[in-house]
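Below: the structure, in structure tokens.
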Amino acid sequence: MGVRVMVVDEHRLLAEALASALKLRGHRVLAAAAPAAGAAELVISRAPEVCLLGTATPAEPGVFDPVVRIKRERPQIAVVVLGPVPSPRGIAAAFAAGASGYVRQDERIEGVERALAKARAGEAAVSPQLLQGAFAELLNPAAAPDDEGSRLLQLLTPREVEVLVRVAEGEDTRVIAAGMSIAPSTARTHVQRVLMKLGVGSRLEAAALAARTGLLDRAGTAPLPPAPSIPLQPGPRE
């Protein structure tokens, strides 16, 4: 006997295609699509045996609120989440909200049918392969992508970070020297080392690179105190 099922997904084409496939296999499909905001109301009013609830972001906070409401008001309805390849946190969030299962959006129709049957029978409807993949990711998390800002920051000493901050604020060598209470020649050396370590050829490039990579944000730098006023003297700026 077919399952009385309701397909709810904000992407109408996906919902209607899945509903049509299930109808052809003898299931009674009550509805095909609904916006996420009205999903719970529609499911509660129709009271299917199983609801296939689509989601694009299973790890976002609040995404399974419709599941919570459905289970609170119609606990007899089994909800199977239909979503992308989930993280362990996504699977955990779905079941914590009251879902009976999780099915990937690229699952074959036979896999969807097995999930519907298990959910109607009160069993957990999630494939062993999906669980294995989730636990593998949990036990062996993938390395975070290279963070250019953090990598560049590790090349600089705390003194050089302060110099870079001042360069980014547009200070010239004399102002940098006065603000850091060092000799202009020392300030010039620090600037040259910063440019060399960052692999840029000018102060403007260094400031642009720091802004693009968020380098200074990662350094946790506070606003610098204003440098003491310097009497204007003739001669070119450094």
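Chain labels run A, B, ... following the order of the structure tokens; each chain numbers its residues from 1, and ligands are numbered from 1 in the order shown.
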Per residue of range 96-183 of chain A within 12 Å of range 18-42 of chain A, which atom pair is closest and at what distance in Å (one decimal), using only C-alpha atoms, listed by chain and increasing number, as a Markdown table?
| residue | atom | partner | partner_atom | distance |
| --- | --- | --- | --- | --- |
| A:Gln105 | CA | A:Leu18 | CA | 9.9 |
| A:Asp106 | CA | A:Leu18 | CA | 11.0 |
| A:Glu107 | CA | A:Leu18 | CA | 10.9 |
| A:Arg108 | CA | A:Leu18 | CA | 10.4 |
| A:Ile109 | CA | A:Ala21 | CA | 7.5 |
| A:Glu110 | CA | A:Leu22 | CA | 9.7 |
| A:Gly111 | CA | A:Leu22 | CA | 11.6 |
| A:Val112 | CA | A:Leu22 | CA | 9.0 |
| A:Glu113 | CA | A:Leu22 | CA | 8.0 |
| A:Arg114 | CA | A:Leu22 | CA | 11.8 |
| A:Leu116 | CA | A:His27 | CA | 10.1 |
| A:Ala117 | CA | A:His27 | CA | 10.9 |
Skipping near chain neighbours, those fewer than 5 positions away, what residues fall within 10 Å of range 54-57 of chain A using only C-alpha atoms, listed as a PDB file with C-alpha atoms, in the first residue's frame?
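Below you can see selection19.pdb, which holds the result:
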ATOM      1  CA  VAL A   7       6.213  17.009  -0.546  1.00  0.00           C
ATOM      2  CA  VAL A   8       7.100  20.486   0.699  1.00  0.00           C
ATOM      3  CA  ASP A   9       9.904  22.436  -0.913  1.00  0.00           C
ATOM      4  CA  GLU A  10      10.266  26.073  -1.920  1.00  0.00           C
ATOM      5  CA  HIS A  11      11.664  24.976  -5.298  1.00  0.00           C
ATOM      6  CA  LEU A  14      11.961  19.878  -7.585  1.00  0.00           C
ATOM      7  CA  ALA A  15       8.850  19.331  -5.496  1.00  0.00           C
ATOM      8  CA  ALA A  33       5.159  22.753  -3.080  1.00  0.00           C
ATOM      9  CA  ALA A  34       4.966  25.527  -0.521  1.00  0.00           C
ATOM     10  CA  ALA A  36       9.249  27.612   3.689  1.00  0.00           C
ATOM     11  CA  ALA A  39       5.269  24.785   5.329  1.00  0.00           C
ATOM     12  CA  VAL A  63      15.858  26.005   9.661  1.00  0.00           C
ATOM     13  CA  PHE A  64      14.059  23.085  11.336  1.00  0.00           C
ATOM     14  CA  VAL A  80      11.764  13.262   6.559  1.00  0.00           C
ATOM     15  CA  VAL A  81      14.147  16.079   5.680  1.00  0.00           C
ATOM     16  CA  LEU A  82      15.159  16.336   2.032  1.00  0.00           C
ATOM     17  CA  GLY A  83      18.395  18.268   1.696  1.00  0.00           C
ATOM     18  CA  PRO A  84      21.978  18.522   0.438  1.00  0.00           C
ATOM     19  CA  VAL A  85      24.897  16.490   1.734  1.00  0.00           C
ATOM     20  CA  PRO A  86      24.689  17.379   5.419  1.00  0.00           C
ATOM     21  CA  GLY A  90      22.943  19.249  10.157  1.00  0.00           C
ATOM     22  CA  TYR A 102      17.182  12.600   6.310  1.00  0.00           C
ATOM     23  CA  VAL A 103      17.371  11.960   2.571  1.00  0.00           C
ATOM     24  CA  ARG A 104      19.820  13.595   0.178  1.00  0.00           C
ATOM     25  CA  GLN A 105      18.354  15.545  -2.723  1.00  0.00           C
TER      26      GLN A 105
END
**Study point:** Close residues, Arg193 in chain A itself excluded, 12 Å, only C-alpha atoms, min 2 positions apart in chain, as a ChimeraX atom specification
**Key:** /A:155-157,159-161,163-164,186-191,195-203,206
Review point. From the set A:Gly101, A:Gly149, A:Gly170, A:Pro158, which residue has the shortest atom-to-atom contact distance to Val50 in chain A, counting only C-alpha atoms?
Key: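 When distances to Val50 in chain A are compared using only C-alpha atoms, the smallest one comes from A:Gly101.
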